Amino acid sequence: MTKVRTRFAPSPTGFMHLGGLRTALYCYLFTRKHQGTFILRIEDTDQERFVEGATQVIYDTLRACGMNWDEGPDIGGPVAPYIQSQRKDSYLPHAERLIKSGHAYRCFCTREELQQRRETAEARGDTWKYDKHCLGLSQEEIDSKLAAGLPHVVRQNTPLTGESSFDDLVFGHIAAPNDTLDDMVLLKQDGMPTYNFANVVDDHTMGITHVIRGMEYLSSTPKYNLLYQALGWPIPQYIHLPTVMRDSKHKLSKRDGDAYYSDFVKRGYLTEALINYLALVGWNPGDEREFFTMDELVDAFSVAGLSKSPAIFDINKLTWFNTEYIRRLPPDEYLQLAQPWFDKALQGQPMDIPRLAQLMQGRTEVFERIPDMIAFLRERPAFDSALYDNKKQKSSLDSTPGALELARGLLSQIQEWTEPNIHQALMTGIAAAGLKNGTVLWPLRIALSGQLSTPGGAIEIAYLLGREEALRRLDSARAALTSG
RNA sequence: GGCCCCGUGGUCAAGUGGUUAAGACACCGCCCUUUCACGGCGGUAACAGGGGUUCGAACCCCCUCGGGGUCACCA
């Protein structure tokens, strides 16, 4: 078997879509698994959609994800250039060969004419397909139109009989009747190839052995194969990938605004978690493993594990992966990543940040959720005294005033405000008073934080707040109790 | 509408003629516990429907239904 050569061929739109990223991932994994060559090619034949800086986004994303390419626009390679617009001149000779052999022809129909004929056909209830109108032009007619400088495109001449088929590595045998295949445009008026044509030519001239792409190309692949055959080129292996869906009816689309890699990173998703999750949407390793580094993915990857049916993107599961990855971060790395989010919530309030980080690391699902979780440290929210009531903790509205008074006394006598000292003072004091821990600690935590759920218990919160603030909050809570 | 593809719990999925139909996320309950979380234990929940083939179908065939894709001088 010849050496595997694959390509990831995104068009530079300015963003890296998660669906595209997953395609790149599978392509990368397959290639590395087979010790092949992974090529990056930029598909920018659509000049109208050119976006400044878009290729850089592609480079940055792929590299951040650990998918390094062996040949590409920025690093070159034996079949350069790797940017399609720079290969412009290479397509024409092949198109002319096809014209000569009768597999393609020049078409002078204007867009308006085409639209009109399409509408007429559809009004009759017929399905529209290019009617091969210009195939009937005589050589004289063609020459005179050419001499007159009339704009034209080049179309593929698909056969009207027989059928075309191929064997996809994931979908198996795919066949389509030739008479349902449209005479697609190969070369546009501006001389640029369409995606359809550029792909065939580039994939062949770049020596691509395995074409890995989304399944939206599945139904046009027979047409591409007709082209390969007409040009006398070997047909590559195909691996079409099932779509990533937003829900059962819609695919994860660019319009959702939250489907870009950069969006997830901004919100505080870890790249490793994202890659790990994405790998499992449409593929499974065949065993029970769920956590994979990139190297482990390469090792485990197999085309046999690819699924045929579309998979719904589950933010829930992604978030679970993210939580797990955050939990496994070295503490200093967690602190570094969390710091900006701490700052956002604390706004300069003095705090034992390393201790806060310690308490938060195991509770952080997505970094962007941090500010909401710790905002109470900066300012205690208004709260309902009903929060003091907790049967399980043996705390009630009746027991609370006494409990808080006890806590106030114990806390105010602490010399050095450390967690062990706070713990010591409260626990011995509570035991001496003959109370249950919860009877005092539950209301204390409520009084200090004003909320049901906090990252840490009463002792940790009291410590983080500092002596002065803790006592101040305690006093105001007690006052609110007697006045209200 | 034509053509192509897909169809196991809410989601991802294992399963390739004989299984009590795995596992994970989510959800619910219990335990642990100074809250939440973590952890431990347990639970709810699926073969789209109908016909065949077969001693026996989630697995093979056909039909129906449902969903997706594609039918651009976009990729």
# chains A, B, ... in the order shown; residues from 1 in each chain; ligands from 1

call {"tool": "closest_atom_pairs", "arguments": {"of": "chain A", "to": "chain B", "cutoff": "6 Å", "atoms": "only C-alpha atoms (C1' of nucleotides)", "output": "tab-separated table"}}
result
residue	atom	partner	partner_atom	distance
A:Lys188	CA	B:C73	C1'	4.6
A:Tyr195	CA	B:A75	C1'	5.9
A:Glu216	CA	B:G69	C1'	5.4
A:Ser219	CA	B:C4	C1'	5.1
A:Ser309	CA	B:C6	C1'	5.1
A:Lys317	CA	B:C25	C1'	4.9
A:Arg363	CA	B:A37	C1'	5.9
A:Gly438	CA	B:U34	C1'	5.7
A:Leu441	CA	B:U34	C1'	5.2
A:Ser453	CA	B:C36	C1'	4.8
A:Thr454	CA	B:C36	C1'	5.7
A:Gly457	CA	B:U35	C1'	5.7

call {"tool": "write_last_selection", "arguments": {"atoms": "N, CA, C and O atoms", "output": "compact mmCIF listing (two decimals), in the first residue's frame"}}
result
# COMPACT_ATOMS: atom_id res chain seq x y z
N LYS A 188 -15.50 28.66 -13.54
CA LYS A 188 -16.43 29.78 -13.49
C LYS A 188 -16.04 30.82 -14.53
O LYS A 188 -14.97 30.75 -15.12
N TYR A 195 -15.31 24.53 -6.48
CA TYR A 195 -14.82 23.59 -5.47
C TYR A 195 -14.76 22.19 -6.08
O TYR A 195 -13.79 21.46 -5.91
N GLU A 216 -21.85 15.86 3.36
CA GLU A 216 -22.60 16.67 2.41
C GLU A 216 -22.07 16.48 0.99
O GLU A 216 -22.71 16.84 0.02
N SER A 219 -23.27 12.74 -1.98
CA SER A 219 -24.08 12.54 -3.18
C SER A 219 -23.45 13.13 -4.44
O SER A 219 -23.89 12.83 -5.54
N SER A 309 -24.54 7.57 11.33
CA SER A 309 -25.67 8.46 11.57
C SER A 309 -25.23 9.77 12.18
O SER A 309 -24.25 9.84 12.92
N LYS A 317 -22.48 17.02 27.93
CA LYS A 317 -21.40 16.05 28.03
C LYS A 317 -20.06 16.76 27.87
O LYS A 317 -19.07 16.42 28.51
N ARG A 363 -14.85 22.59 41.71
CA ARG A 363 -16.24 22.99 41.47
C ARG A 363 -16.42 23.78 40.19
O ARG A 363 -17.50 24.26 39.90
N GLY A 438 -24.44 21.33 62.62
CA GLY A 438 -25.27 21.99 61.62
C GLY A 438 -26.11 23.12 62.19
O GLY A 438 -26.39 24.09 61.50
N LEU A 441 -23.41 25.90 62.21
CA LEU A 441 -22.67 26.15 60.98
C LEU A 441 -23.56 26.47 59.78
O LEU A 441 -23.19 27.26 58.92
N SER A 453 -25.92 27.92 48.30
CA SER A 453 -24.80 27.13 47.84
C SER A 453 -23.54 27.98 47.71
O SER A 453 -23.58 29.05 47.12
N THR A 454 -22.47 27.52 48.32
CA THR A 454 -21.22 28.28 48.25
C THR A 454 -20.04 27.33 48.04
O THR A 454 -20.13 26.15 48.36
N GLY A 457 -17.61 25.56 53.10
CA GLY A 457 -18.53 25.66 54.22
C GLY A 457 -18.34 26.95 55.00
O GLY A 457 -17.59 27.83 54.59

call {"tool": "residues_around", "arguments": {"residues": "region 56-65 of chain B", "least_positions_apart": "6", "cutoff": "9 Å", "atoms": "only C-alpha atoms (C1' of nucleotides)", "output": "tab-separated table (two decimals) with C-alpha atoms (C1' of nucleotides), in the first residue's frame"}}
result
chain	number	residue	atom	x	y	z
B	8	U	C1'	-30.96	1.22	19.72
B	15	G	C1'	-24.19	-4.72	19.80
B	16	U	C1'	-22.98	-7.68	13.23
B	17	G	C1'	-28.89	-14.43	14.07
B	18	G	C1'	-29.59	-17.08	20.29
B	21	A	C1'	-30.07	-5.24	25.02
B	47	C	C1'	-34.22	-1.63	19.30
B	48	A	C1'	-39.55	4.00	14.61
B	49	G	C1'	-43.90	0.88	12.56
B	50	G	C1'	-45.56	-3.21	9.52

call {"tool": "select_by_dssp", "arguments": {"residues": "region 75-293 of chain A", "states": "strand (DSSP E or B)", "output": "PyMOL selection string"}}
result
chain A and resi 76+83+104-107+153-156+163-168+172-177+185-187+193+210-214+237-241+244-245+251+260+283

call {"tool": "closest_residue", "arguments": {"among": "A:Phe383, A:Tyr59, A:Tyr463, A:Trp442", "to": "Ile414 (chain A)", "atoms": "only C-alpha atoms"}}
result
A:Tyr463

call {"tool": "atom_distance", "arguments": {"atom1": "CA of Ile326 (chain A)", "atom2": "CA of Asp295 (chain A)"}}
result
19.5 Å
